[in-house]
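Raw start_26.txt, compact mmCIF, C-alpha atoms (C1' of nucleotides):
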# COMPACT_ATOMS: atom_id res chain seq x y z
CA MET Y 1 154.12 105.10 -45.18
CA MET Y 2 152.74 108.58 -45.67
CA ARG Y 3 156.09 110.23 -45.69
CA PRO Y 4 156.22 112.69 -48.57
CA LEU Y 5 158.76 112.03 -51.26
CA ARG Y 6 160.93 115.07 -50.71
CA ARG Y 7 161.32 114.53 -47.00
CA GLU Y 8 162.07 110.92 -47.66
CA LEU Y 9 164.84 111.85 -50.06
CA MET Y 10 166.45 114.25 -47.58
CA PHE Y 11 166.47 111.51 -45.04
CA GLN Y 12 167.73 108.76 -47.31
CA LEU Y 13 170.43 110.93 -48.75
CA VAL Y 14 172.04 111.59 -45.41
CA GLU Y 15 171.67 108.02 -44.18
CA THR Y 16 172.94 106.47 -47.38
CA ALA Y 17 175.90 108.79 -47.48
CA ARG Y 18 176.83 107.86 -43.92
CA LEU Y 19 176.70 104.17 -44.74
CA LEU Y 20 178.75 104.73 -47.86
CA ARG Y 21 181.25 106.83 -45.96
CA THR Y 22 181.73 104.13 -43.37
CA TYR Y 23 182.02 101.52 -46.08
CA VAL Y 24 184.63 103.47 -47.98
CA ASP Y 25 186.46 104.17 -44.74
CA GLN Y 26 186.75 100.46 -44.11
CA ARG Y 27 188.17 99.93 -47.57
CA ALA Y 28 190.54 102.84 -47.15
CA ARG Y 29 191.69 101.46 -43.82
CA GLN Y 30 192.85 98.30 -45.52
CA HIS Y 31 195.33 100.58 -47.27
CA GLY Y 32 196.23 102.39 -44.08
CA THR Y 33 194.31 105.60 -44.68
CA THR Y 34 190.85 107.16 -44.43
CA ARG Y 35 188.32 108.49 -46.87
CA ALA Y 36 188.86 112.11 -45.94
CA GLN Y 37 192.65 111.89 -46.18
CA TRP Y 38 192.34 110.07 -49.46
CA GLY Y 39 190.22 112.97 -50.72
CA VAL Y 40 192.98 115.42 -49.94
CA LEU Y 41 195.61 113.29 -51.62
CA SER Y 42 193.48 112.94 -54.76
CA ARG Y 43 192.93 116.63 -55.16
CA LEU Y 44 196.53 117.34 -54.48
CA ARG Y 45 197.64 115.02 -57.20
CA ARG Y 46 195.62 116.99 -59.70
CA ALA Y 47 196.63 120.39 -58.39
CA GLU Y 48 199.89 120.23 -56.51
CA GLY Y 49 201.26 123.33 -54.84
CA LEU Y 50 197.92 124.71 -53.72
CA ASN Y 51 197.75 126.62 -50.49
CA GLN Y 52 195.40 125.46 -47.77
CA ALA Y 53 192.83 128.19 -48.22
CA ALA Y 54 192.43 127.40 -51.91
CA LEU Y 55 192.19 123.68 -51.32
CA ALA Y 56 189.65 124.12 -48.55
CA GLU Y 57 187.52 126.24 -50.79
CA GLN Y 58 187.75 123.71 -53.59
CA MET Y 59 186.63 120.99 -51.19
CA ASP Y 60 183.90 123.09 -49.56
CA LEU Y 61 185.63 122.54 -46.23
CA GLN Y 62 186.32 125.03 -43.49
CA PRO Y 63 190.04 125.87 -43.45
CA ILE Y 64 190.43 124.55 -39.93
CA SER Y 65 189.00 121.18 -40.94
CA LEU Y 66 191.60 120.93 -43.67
CA THR Y 67 194.38 122.04 -41.34
CA ARG Y 68 193.85 119.01 -39.15
CA LEU Y 69 193.60 116.63 -42.06
CA VAL Y 70 196.88 117.97 -43.35
CA ASP Y 71 198.41 117.67 -39.88
CA ARG Y 72 197.78 113.93 -40.00
CA LEU Y 73 198.94 113.58 -43.57
CA GLU Y 74 202.12 115.44 -42.74
CA GLN Y 75 202.78 113.25 -39.69
CA GLN Y 76 202.52 110.22 -41.97
CA LYS Y 77 204.91 111.89 -44.43
CA LEU Y 78 202.38 111.71 -47.23
CA VAL Y 79 202.16 115.47 -47.69
CA GLU Y 80 204.57 118.35 -47.17
CA ARG Y 81 203.88 121.95 -46.23
CA ARG Y 82 206.30 124.24 -48.00
CA GLU Y 83 206.81 127.94 -47.47
CA ASP Y 84 205.74 130.43 -50.07
CA ALA Y 85 208.49 132.88 -50.82
CA ALA Y 86 205.95 135.46 -51.90
CA ASP Y 87 203.72 135.38 -48.81
CA ARG Y 88 204.95 134.25 -45.47
CA ARG Y 89 201.46 133.40 -44.20
CA VAL Y 90 200.78 130.63 -46.68
CA ARG Y 91 201.81 126.98 -46.80
CA LEU Y 92 201.92 125.28 -50.15
CA LEU Y 93 200.92 121.63 -50.18
CA HIS Y 94 202.89 118.97 -52.01
CA LEU Y 95 202.65 115.20 -52.15
CA THR Y 96 205.69 113.28 -51.02
CA PRO Y 97 206.79 110.35 -53.18
CA GLU Y 98 205.07 108.03 -50.66
CA GLY Y 99 201.90 110.09 -50.89
CA ARG Y 100 201.94 109.92 -54.65
CA GLU Y 101 202.44 106.20 -54.61
CA LEU Y 102 199.57 105.66 -52.18
CA VAL Y 103 197.08 107.78 -54.04
CA GLU Y 104 197.86 106.10 -57.31
CA GLY Y 105 197.15 102.74 -55.77
CA LEU Y 106 193.91 103.98 -54.31
CA ASP Y 107 192.63 105.07 -57.67
CA THR Y 108 191.99 101.47 -58.53
CA VAL Y 109 190.06 100.97 -55.32
CA ARG Y 110 187.77 103.88 -56.05
CA GLY Y 111 186.78 102.29 -59.33
CA GLU Y 112 186.19 98.93 -57.65
CA ILE Y 113 183.92 100.43 -55.04
CA ALA Y 114 181.89 102.38 -57.56
CA GLY Y 115 181.41 99.19 -59.54
CA GLU Y 116 180.34 97.10 -56.57
CA VAL Y 117 177.98 99.62 -55.16
CA LEU Y 118 176.32 100.65 -58.41
CA ALA Y 119 176.44 97.42 -60.39
CA GLY Y 120 173.25 96.97 -62.35
CA VAL Y 121 172.20 100.60 -62.10
CA ASP Y 122 171.95 102.04 -65.58
CA ASP Y 123 173.66 105.19 -66.74
CA ALA Y 124 170.43 107.13 -67.14
CA ALA Y 125 169.56 106.62 -63.48
CA ILE Y 126 173.03 107.72 -62.45
CA VAL Y 127 172.86 110.83 -64.55
CA MET Y 128 169.50 111.72 -63.06
CA ALA Y 129 170.72 111.13 -59.55
CA LEU Y 130 173.72 113.33 -60.23
CA GLU Y 131 171.46 116.09 -61.44
CA THR Y 132 169.26 115.92 -58.37
CA LEU Y 133 172.29 115.90 -56.10
CA GLY Y 134 173.66 118.88 -57.97
CA THR Y 135 170.51 120.83 -57.25
CA ILE Y 136 170.70 120.04 -53.56
CA ARG Y 137 174.36 120.82 -53.47
CA ASP Y 138 173.92 124.22 -55.05
CA ARG Y 139 171.17 125.15 -52.62
CA THR Y 140 173.00 124.07 -49.51
CA ARG Y 141 176.53 125.09 -50.42
CA PRO Y 142 177.82 127.91 -48.26
CA GLN Y 143 177.85 131.03 -50.41
CA ARG Y 144 181.40 132.14 -49.85
CA ASP Y 145 181.21 135.10 -52.19
CA GLU Y 146 178.08 136.41 -50.53
CA ARG Y 147 179.55 135.77 -47.14
CA ALA Y 148 182.70 137.69 -48.03
CA GLN Y 149 180.61 140.48 -49.54
CA ALA Y 150 178.50 140.66 -46.40
CA ALA Y 151 181.61 140.87 -44.27
CA ARG Y 152 182.96 143.66 -46.41
CA ALA Y 153 179.66 145.49 -46.32
CA ALA Y 154 179.49 145.15 -42.55
CA GLY Y 155 183.03 146.43 -42.35
CA ARG Y 156 182.15 149.45 -44.46
CA ALA Y 157 179.07 150.20 -42.43
CA ALA Y 158 180.91 149.99 -39.11
CA MET J 1 186.63 115.87 -67.05
CA MET J 2 187.09 112.21 -67.80
CA ARG J 3 185.77 111.07 -64.45
CA PRO J 4 183.45 108.11 -65.02
CA LEU J 5 179.84 108.50 -64.00
CA ARG J 6 179.81 105.99 -61.18
CA ARG J 7 182.85 107.38 -59.44
CA GLU J 8 181.45 110.84 -59.84
CA LEU J 9 178.21 109.78 -58.16
CA MET J 10 180.02 108.23 -55.21
CA PHE J 11 181.89 111.45 -54.75
CA GLN J 12 178.95 113.78 -55.17
CA LEU J 13 176.77 111.74 -52.88
CA VAL J 14 179.12 112.05 -49.95
CA GLU J 15 179.87 115.72 -50.57
CA THR J 16 176.26 116.69 -51.08
CA ALA J 17 175.19 114.86 -47.96
CA ARG J 18 177.82 116.66 -45.93
CA LEU J 19 176.63 120.02 -47.17
CA LEU J 20 173.04 119.06 -46.48
CA ARG J 21 173.92 117.79 -43.04
CA THR J 22 175.62 121.05 -42.15
CA TYR J 23 172.71 123.01 -43.56
CA VAL J 24 170.16 121.05 -41.58
CA ASP J 25 172.32 121.33 -38.48
CA GLN J 26 172.23 125.09 -38.79
CA ARG J 27 168.46 125.03 -39.04
CA ALA J 28 168.20 122.64 -36.12
CA ARG J 29 170.44 124.85 -34.05
CA GLN J 30 167.97 127.69 -34.41
CA HIS J 31 165.64 125.44 -32.44
CA GLY J 32 168.30 124.51 -29.94
CA THR J 33 169.08 121.02 -31.17
CA THR J 34 171.08 119.11 -33.77
CA ARG J 35 170.24 116.93 -36.72
CA ALA J 36 171.32 113.72 -35.06
CA GLN J 37 169.38 114.37 -31.87
CA TRP J 38 166.36 115.36 -33.91
CA GLY J 39 166.60 112.02 -35.67
CA VAL J 40 166.40 110.17 -32.38
CA LEU J 41 163.43 112.21 -31.22
CA SER J 42 161.57 111.58 -34.48
CA ARG J 43 161.98 107.85 -34.34
CA LEU J 44 161.07 107.77 -30.73
CA ARG J 45 157.84 109.57 -31.38
CA ARG J 46 156.83 106.85 -33.77
CA ALA J 47 157.99 103.99 -31.60
CA GLU J 48 158.18 104.98 -27.99
CA GLY J 49 159.44 102.55 -25.40
CA LEU J 50 162.15 101.00 -27.59
CA ASN J 51 165.33 99.85 -25.97
CA GLN J 52 168.62 101.28 -27.17
CA ALA J 53 169.77 98.21 -29.05
CA ALA J 54 166.58 98.10 -31.09
CA LEU J 55 166.68 101.79 -31.87
CA ALA J 56 170.34 101.63 -32.86
CA GLU J 57 169.59 98.79 -35.23
CA GLN J 58 166.67 100.67 -36.72
CA MET J 59 168.90 103.67 -37.29
CA ASP J 60 171.86 101.66 -38.60
CA LEU J 61 173.94 103.15 -35.82
CA GLN J 62 176.39 101.44 -33.52
CA PRO J 63 174.89 101.14 -30.04
CA ILE J 64 177.65 103.24 -28.51
CA SER J 65 176.92 106.08 -30.93
CA LEU J 66 173.31 106.06 -29.83
CA THR J 67 174.27 105.87 -26.15
CA ARG J 68 176.01 109.19 -26.33
CA LEU J 69 173.23 110.83 -28.29
CA VAL J 70 170.79 109.68 -25.65
CA ASP J 71 173.12 110.95 -22.91
CA ARG J 72 172.79 114.45 -24.31
CA LEU J 73 169.06 114.17 -24.85
CA GLU J 74 168.61 112.98 -21.30
CA GLN J 75 170.68 115.86 -19.93
CA GLN J 76 168.38 118.22 -21.76
CA LYS J 77 165.38 116.40 -20.32
CA LEU J 78 164.01 115.61 -23.75
CA VAL J 79 164.23 111.85 -23.33
CA GLU J 80 164.02 109.49 -20.36
CA ARG J 81 165.67 106.12 -19.81
CA ARG J 82 163.34 103.81 -17.90
CA GLU J 83 164.14 100.45 -16.42
CA ASP J 84 162.71 97.33 -17.94
CA ALA J 85 161.14 95.14 -15.27
CA ALA J 86 161.71 92.08 -17.41
CA ASP J 87 165.44 92.56 -18.10
CA ARG J 88 167.71 94.57 -15.89
CA ARG J 89 170.23 95.19 -18.63
CA VAL J 90 167.97 97.23 -20.85
CA ARG J 91 166.85 100.85 -20.79
CA LEU J 92 163.58 101.78 -22.44
CA LEU J 93 163.48 105.16 -24.12
CA HIS J 94 160.61 107.59 -23.74
CA LEU J 95 160.06 111.17 -24.81
CA THR J 96 159.40 113.67 -22.08
CA PRO J 97 156.60 116.18 -22.66
CA GLU J 98 159.27 118.74 -23.61
CA GLY J 99 160.78 116.29 -26.05
CA ARG J 100 157.45 115.62 -27.62
CA GLU J 101 156.73 119.30 -27.98
CA LEU J 102 160.09 119.98 -29.60
CA VAL J 103 159.88 117.20 -32.13
CA GLU J 104 156.40 118.18 -33.16
CA GLY J 105 157.58 121.70 -33.86
CA LEU J 106 160.52 120.39 -35.84
CA ASP J 107 158.30 118.43 -38.14
CA THR J 108 157.28 121.64 -39.83
CA VAL J 109 160.90 122.58 -40.31
CA ARG J 110 161.67 119.30 -42.01
CA GLY J 111 158.98 119.99 -44.57
CA GLU J 112 160.26 123.52 -45.14
CA ILE J 113 163.78 122.35 -45.75
CA ALA J 114 162.72 119.63 -48.16
CA GLY J 115 160.73 122.20 -50.09
CA GLU J 116 163.53 124.74 -50.28
CA VAL J 117 166.17 122.29 -51.26
CA LEU J 118 164.19 120.36 -53.83
CA ALA J 119 161.94 123.06 -55.23
CA GLY J 120 161.51 122.62 -58.96
CA VAL J 121 162.73 119.02 -59.00
CA ASP J 122 159.94 116.85 -60.32
CA ASP J 123 158.59 113.78 -58.60
CA ALA J 124 159.94 111.37 -61.19
CA ALA J 125 163.49 112.55 -60.58
CA ILE J 126 163.03 112.19 -56.86
CA VAL J 127 161.69 108.68 -57.17
CA MET J 128 164.61 107.69 -59.36
CA ALA J 129 167.10 109.22 -56.98
CA LEU J 130 165.48 107.35 -54.10
CA GLU J 131 165.78 104.12 -55.99
CA THR J 132 169.45 104.64 -56.73
CA LEU J 133 170.12 105.58 -53.13
CA GLY J 134 168.28 102.49 -52.01
CA THR J 135 170.57 100.33 -54.09
CA ILE J 136 173.64 101.92 -52.59
CA ARG J 137 172.20 101.70 -49.14
CA ASP J 138 171.48 98.01 -49.42
CA ARG J 139 174.96 97.27 -50.67
CA THR J 140 176.77 99.25 -48.02
CA ARG J 141 174.57 98.55 -45.04
CA PRO J 142 176.29 96.45 -42.42
CA GLN J 143 174.80 92.97 -42.57
CA ARG J 144 173.85 92.53 -38.96
CA ASP J 145 172.19 89.17 -39.46
CA GLU J 146 175.19 87.77 -41.24
CA ARG J 147 177.45 89.28 -38.67
CA ALA J 148 175.49 87.71 -35.83
CA GLN J 149 175.42 84.40 -37.67
CA ALA J 150 179.16 84.57 -38.23
CA ALA J 151 179.70 85.25 -34.55
CA ARG J 152 177.55 82.28 -33.62
CA ALA J 153 179.32 80.07 -36.12
CA ALA J 154 182.69 81.18 -34.80
CA GLY J 155 181.49 80.45 -31.32
CA ARG J 156 180.41 76.98 -32.27
CA ALA J 157 183.67 76.29 -34.05
CA ALA J 158 185.77 77.44 -31.11
C1' DC D 1 204.19 156.12 -44.46
C1' DC D 2 200.78 154.05 -41.36
C1' DC D 3 196.94 152.18 -39.60
C1' DA D 4 192.57 149.85 -40.30
C1' DT D 5 191.20 145.86 -42.39
C1' DC D 6 191.56 141.55 -44.59
C1' DT D 7 193.48 136.99 -45.20
C1' DC D 8 196.05 132.68 -43.93
C1' DA D 9 196.72 129.27 -40.77
C1' DT D 10 195.75 127.53 -36.52
C1' DA D 11 193.83 126.75 -31.51
C1' DA D 12 190.04 125.51 -28.39
C1' DG D 13 186.12 123.22 -27.75
C1' DC D 14 181.94 120.83 -29.34
C1' DC D 15 179.13 116.97 -31.80
C1' DT D 16 178.74 112.60 -34.02
C1' DG D 17 180.39 108.76 -35.96
C1' DC D 18 183.63 104.65 -35.56
C1' DT D 19 186.50 100.42 -33.42
C1' DT D 20 187.75 97.89 -29.60
C1' DA D 21 186.98 96.43 -24.94
C1' DT D 22 184.40 95.63 -20.49
C1' DG D 23 180.98 94.72 -16.80
C1' DA D 24 176.45 93.16 -15.78
C1' DT D 25 172.84 90.29 -16.86
C1' DA D 26 170.25 86.48 -19.48
C1' DT D 27 169.99 82.12 -21.42
C1' DG D 28 170.51 77.53 -23.00
C1' DG D 29 172.65 73.09 -23.03
C1' DA D 30 175.24 69.51 -20.48
C1' DT T 1 172.09 73.54 -11.52
C1' DC T 2 176.00 75.71 -13.53
C1' DC T 3 178.96 77.39 -16.86
C1' DA T 4 179.90 78.95 -21.54
C1' DT T 5 178.12 82.14 -24.51
C1' DA T 6 175.36 86.01 -26.07
C1' DT T 7 173.41 90.42 -25.40
C1' DC T 8 172.73 95.24 -23.42
C1' DA T 9 174.74 99.35 -22.25
C1' DT T 10 178.71 101.82 -21.75
C1' DA T 11 183.88 103.47 -21.58
C1' DA T 12 188.15 104.83 -23.92
C1' DG T 13 190.14 106.71 -27.60
C1' DC T 14 190.31 108.32 -32.42
C1' DA T 15 188.74 110.82 -36.94
C1' DG T 16 186.62 114.46 -39.02
C1' DG T 17 183.19 117.88 -39.38
C1' DC T 18 181.72 122.50 -37.24
C1' DT T 19 181.77 127.50 -34.77
C1' DT T 20 184.28 130.97 -32.67
C1' DA T 21 188.56 133.29 -31.75
C1' DT T 22 193.50 134.69 -32.41
C1' DG T 23 198.18 135.93 -34.08
C1' DA T 24 201.07 136.87 -38.00
C1' DG T 25 201.51 138.95 -42.11
C1' DA T 26 199.71 141.51 -46.43
C1' DT T 27 197.47 145.50 -48.37
C1' DG T 28 195.37 149.69 -49.58
C1' DG T 29 193.31 154.32 -48.71
C1' DG T 30 194.30 158.53 -46.55
Final structure tokens representation of the file:
Amino acid sequence: MMRPLRRELMFQLVETARLLRTYVDQRARQHGTTRAQWGVLSRLRRAEGLNQAALAEQMDLQPISLTRLVDRLEQQKLVERREDAADRRVRLLHLTPEGRELVEGLDTVRGEIAGEVLAGVDDAAIVMALETLGTIRDRTRPQRDERAQAARAAGRAA
Amino acid sequence: MMRPLRRELMFQLVETARLLRTYVDQRARQHGTTRAQWGVLSRLRRAEGLNQAALAEQMDLQPISLTRLVDRLEQQKLVERREDAADRRVRLLHLTPEGRELVEGLDTVRGEIAGEVLAGVDDAAIVMALETLGTIRDRTRPQRDERAQAARAAGRAA
DNA sequence: CCCATCTCATAAGCCTGCTTATGATATGGA
DNA sequence: TCCATATCATAAGCAGGCTTATGAGATGGG
């Protein structure tokens, strides 16, 4: 096993996350939803009335990815798109009563899963892992400001 | 921010891995491939001549997921499926010369990425993160042995 | 005021994962 | 030997990411 530590961590991070994603998806399915949709509902509960662009940015998702998630949530009547009187392009997202009820139930499940999966791991280890993940996240996160600046600069130059 | 540590880690793990996956995909694309396909090539280099079931198990992937990855790799002439004289159901996987060349070049890239993304993080933190990930991985990994045993037991009972 | 430019949402098309199901082949016990 | 069962690979169909492209509407500098 000569694999250097840093490469090993890259590898394990992606693999572990995939396993965890699948695991959480199975749990979510027992409640008739999916991990990704659950994520949208959760955020929406804490910040209702967001438009899709703002929510996508908050979730580090491409707007089109969120559009399709919301399509499915809307079909299931868990989320509503409402018009914005001030800007006819935007759609403001609201939970329906059913959506609110579902997400509140799921909150319990999230806690259960975290307990199962991390039982016996002490807080110090979790804090350290969070820090390391934060570093990775910052270095791989798409730099939206820079991207927008670059686009503007290119526009100016052209 | 009252979010408990363990829930926060679950969340950050999945989000960070997604960002990393996308980042690595972009790098892989510069070499004309994808992260997932690269993964297959890497494993194959270290264990050529595996059949698909064995490789899927090693990668914690469902066989069908691997089948389609291999389809694309075969189309690109990076991998070959060969018949097994001893069992006509199985296909043995081999790298082509082009496949071997590609994966050897990519090895450098993997090291580069690990360095960029984890620069300044000390070894102790990486070891701890690996340990925590290992715990999660073990608890979320599908238990193939148990599953197979359950299937056998069900068979016997029926 | 008007037009170039930006932004919001979405479409099209791709990759990769999953579950469920199926056909071909192997295998082991009666 | 023969049949029930298991295993290997794959198909169908879905979810959820992505890139690239487009139309509608907002906005600001000239």
**Spatial neighbours of segment 55-63 of chain Y, 9 Å, only C-alpha atoms (C1' of nucleotides), chain gap at least 2 places, as an NGL selection string** = (:Y and (39-40 or 43-44 or 47 or 50-53 or 65-68 or 141-142 or 144)) or (:J and (15 or 19)) or (:D and (9)) or (:T and (17-18))
Can you spit out the residues from that selection as a compact mmCIF listing (two decimals), keeping the file's coordinate frame, using C-alpha atoms (C1' of nucleotides)?
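As a result, result_0.txt now contains:
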# COMPACT_ATOMS: atom_id res chain seq x y z
CA GLY Y 39 190.22 112.97 -50.72
CA VAL Y 40 192.98 115.42 -49.94
CA ARG Y 43 192.93 116.63 -55.16
CA LEU Y 44 196.53 117.34 -54.48
CA ALA Y 47 196.63 120.39 -58.39
CA LEU Y 50 197.92 124.71 -53.72
CA ASN Y 51 197.75 126.62 -50.49
CA GLN Y 52 195.40 125.46 -47.77
CA ALA Y 53 192.83 128.19 -48.22
CA SER Y 65 189.00 121.18 -40.94
CA LEU Y 66 191.60 120.93 -43.67
CA THR Y 67 194.38 122.04 -41.34
CA ARG Y 68 193.85 119.01 -39.15
CA ARG Y 141 176.53 125.09 -50.42
CA PRO Y 142 177.82 127.91 -48.26
CA ARG Y 144 181.40 132.14 -49.85
CA GLU J 15 179.87 115.72 -50.57
CA LEU J 19 176.63 120.02 -47.17
C1' DA D 9 196.72 129.27 -40.77
C1' DG T 17 183.19 117.88 -39.38
C1' DC T 18 181.72 122.50 -37.24
**Prompt:** Would you list which chain T residues are within 9 Å of chain J using only C-alpha atoms (C1' of nucleotides), as a list in words?
**Reply:**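 So the residues of chain T near chain J are DT5, DA6, DT7, DC8, DA9, DT10, DG17 and DC18 of chain T.
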**Asked** So how far away is atom CA of Leu133 of chain Y from atom CA of Ala129 of chain J, in Å?
**Response**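 Straight-line distance from atom CA of Ala129 of chain J to atom CA of Leu133 of chain Y works out to 8.5 Å.
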**Message:** Calculated over all atoms listed in the file, which of the candidates J:Leu118, J:Leu78, J:Leu69, J:Leu20 has the smallest distance to chain D?
**Reply:** J:Leu69
Report as JSON lines the residues of chain J within 7 Å of chain Y, each with its shortest atom pair and distance in Å (one decimal), using only C-alpha atoms, ordered by chain and increasing residue number.
{"residue": "J:Arg6", "atom": "CA", "partner": "Y:Ala114", "partner_atom": "CA", "distance": 5.5}
{"residue": "J:Arg7", "atom": "CA", "partner": "Y:Ala114", "partner_atom": "CA", "distance": 5.4}
{"residue": "J:Leu9", "atom": "CA", "partner": "Y:Leu130", "partner_atom": "CA", "distance": 6.1}
{"residue": "J:Met10", "atom": "CA", "partner": "Y:Ala114", "partner_atom": "CA", "distance": 6.6}
{"residue": "J:Leu13", "atom": "CA", "partner": "Y:Ala17", "partner_atom": "CA", "distance": 6.2}
{"residue": "J:Val14", "atom": "CA", "partner": "Y:Ala17", "partner_atom": "CA", "distance": 5.2}
{"residue": "J:Thr16", "atom": "CA", "partner": "Y:Arg137", "partner_atom": "CA", "distance": 5.1}
{"residue": "J:Ala17", "atom": "CA", "partner": "Y:Val14", "partner_atom": "CA", "distance": 5.2}
{"residue": "J:Leu19", "atom": "CA", "partner": "Y:Thr140", "partner_atom": "CA", "distance": 5.9}
{"residue": "J:Leu20", "atom": "CA", "partner": "Y:Thr140", "partner_atom": "CA", "distance": 5.9}
{"residue": "J:Arg21", "atom": "CA", "partner": "Y:Val14", "partner_atom": "CA", "distance": 6.9}
{"residue": "J:Tyr23", "atom": "CA", "partner": "Y:Thr140", "partner_atom": "CA", "distance": 6.1}
{"residue": "J:Arg110", "atom": "CA", "partner": "Y:Arg7", "partner_atom": "CA", "distance": 6.9}
{"residue": "J:Gly111", "atom": "CA", "partner": "Y:Arg7", "partner_atom": "CA", "distance": 6.4}
{"residue": "J:Ala114", "atom": "CA", "partner": "Y:Arg7", "partner_atom": "CA", "distance": 5.4}
{"residue": "J:Val117", "atom": "CA", "partner": "Y:Ile136", "partner_atom": "CA", "distance": 5.6}
{"residue": "J:Leu118", "atom": "CA", "partner": "Y:Ile136", "partner_atom": "CA", "distance": 6.5}
{"residue": "J:Ala125", "atom": "CA", "partner": "Y:Met128", "partner_atom": "CA", "distance": 6.6}
{"residue": "J:Met128", "atom": "CA", "partner": "Y:Ala125", "partner_atom": "CA", "distance": 6.5}
{"residue": "J:Ala129", "atom": "CA", "partner": "Y:Ala129", "partner_atom": "CA", "distance": 4.8}
{"residue": "J:Leu130", "atom": "CA", "partner": "Y:Leu9", "partner_atom": "CA", "distance": 6.1}
{"residue": "J:Leu133", "atom": "CA", "partner": "Y:Thr16", "partner_atom": "CA", "distance": 6.5}
{"residue": "J:Ile136", "atom": "CA", "partner": "Y:Val117", "partner_atom": "CA", "distance": 5.5}
{"residue": "J:Arg137", "atom": "CA", "partner": "Y:Thr16", "partner_atom": "CA", "distance": 5.1}
{"residue": "J:Arg139", "atom": "CA", "partner": "Y:Val117", "partner_atom": "CA", "distance": 5.9}
{"residue": "J:Thr140", "atom": "CA", "partner": "Y:Leu20", "partner_atom": "CA", "distance": 5.8}
{"residue": "J:Arg141", "atom": "CA", "partner": "Y:Leu19", "partner_atom": "CA", "distance": 6.0}
Residues from the last selection, C-alpha atoms, saved as a short mmCIF file (atom, residue, chain, number, x, y, z; two decimals), in the coordinates of the input:
data_model
loop_
_atom_site.label_atom_id
_atom_site.label_comp_id
_atom_site.auth_asym_id
_atom_site.auth_seq_id
_atom_site.Cartn_x
_atom_site.Cartn_y
_atom_site.Cartn_z
CA ARG J 6 179.81 105.99 -61.18
CA ARG J 7 182.85 107.38 -59.44
CA LEU J 9 178.21 109.78 -58.16
CA MET J 10 180.02 108.23 -55.21
CA LEU J 13 176.77 111.74 -52.88
CA VAL J 14 179.12 112.05 -49.95
CA THR J 16 176.26 116.69 -51.08
CA ALA J 17 175.19 114.86 -47.96
CA LEU J 19 176.63 120.02 -47.17
CA LEU J 20 173.04 119.06 -46.48
CA ARG J 21 173.92 117.79 -43.04
CA TYR J 23 172.71 123.01 -43.56
CA ARG J 110 161.67 119.30 -42.01
CA GLY J 111 158.98 119.99 -44.57
CA ALA J 114 162.72 119.63 -48.16
CA VAL J 117 166.17 122.29 -51.26
CA LEU J 118 164.19 120.36 -53.83
CA ALA J 125 163.49 112.55 -60.58
CA MET J 128 164.61 107.69 -59.36
CA ALA J 129 167.10 109.22 -56.98
CA LEU J 130 165.48 107.35 -54.10
CA LEU J 133 170.12 105.58 -53.13
CA ILE J 136 173.64 101.92 -52.59
CA ARG J 137 172.20 101.70 -49.14
CA ARG J 139 174.96 97.27 -50.67
CA THR J 140 176.77 99.25 -48.02
CA ARG J 141 174.57 98.55 -45.04
#
**Prompt:** Taking only C-alpha atoms (C1' of nucleotides) into account, which residues of chain D are within 9 Å of chain Y, as number ranges by chain?
**Reply:** D: 5, 7-10, 17-18
Only C-alpha atoms (C1' of nucleotides), please: the residues just picked out, written as a CSV table (one decimal), in the frame of the given file.
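Contents of the output file out-v3.csv:
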chain,number,residue,atom,x,y,z
D,5,DT,C1',191.2,145.9,-42.4
D,7,DT,C1',193.5,137.0,-45.2
D,8,DC,C1',196.0,132.7,-43.9
D,9,DA,C1',196.7,129.3,-40.8
D,10,DT,C1',195.8,127.5,-36.5
D,17,DG,C1',180.4,108.8,-36.0
D,18,DC,C1',183.6,104.6,-35.6
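The two atoms in question, atom CA of Arg29 of chain Y and atom CA of Leu106 of chain Y, are spaced 11.0 Å apart.
Here atom CA of Arg27 of chain Y stands at a distance of 21.5 Å from atom CA of Leu95 of chain Y.
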**Message:** I want to know what sits within 12 Å of DG13 of chain T, based on only C-alpha atoms (C1' of nucleotides), with residues of the same chain fewer than 6 positions away left out; could you give that as a list in words?
**Reply:** DC18, DT19, DT20 and DA21 of chain D
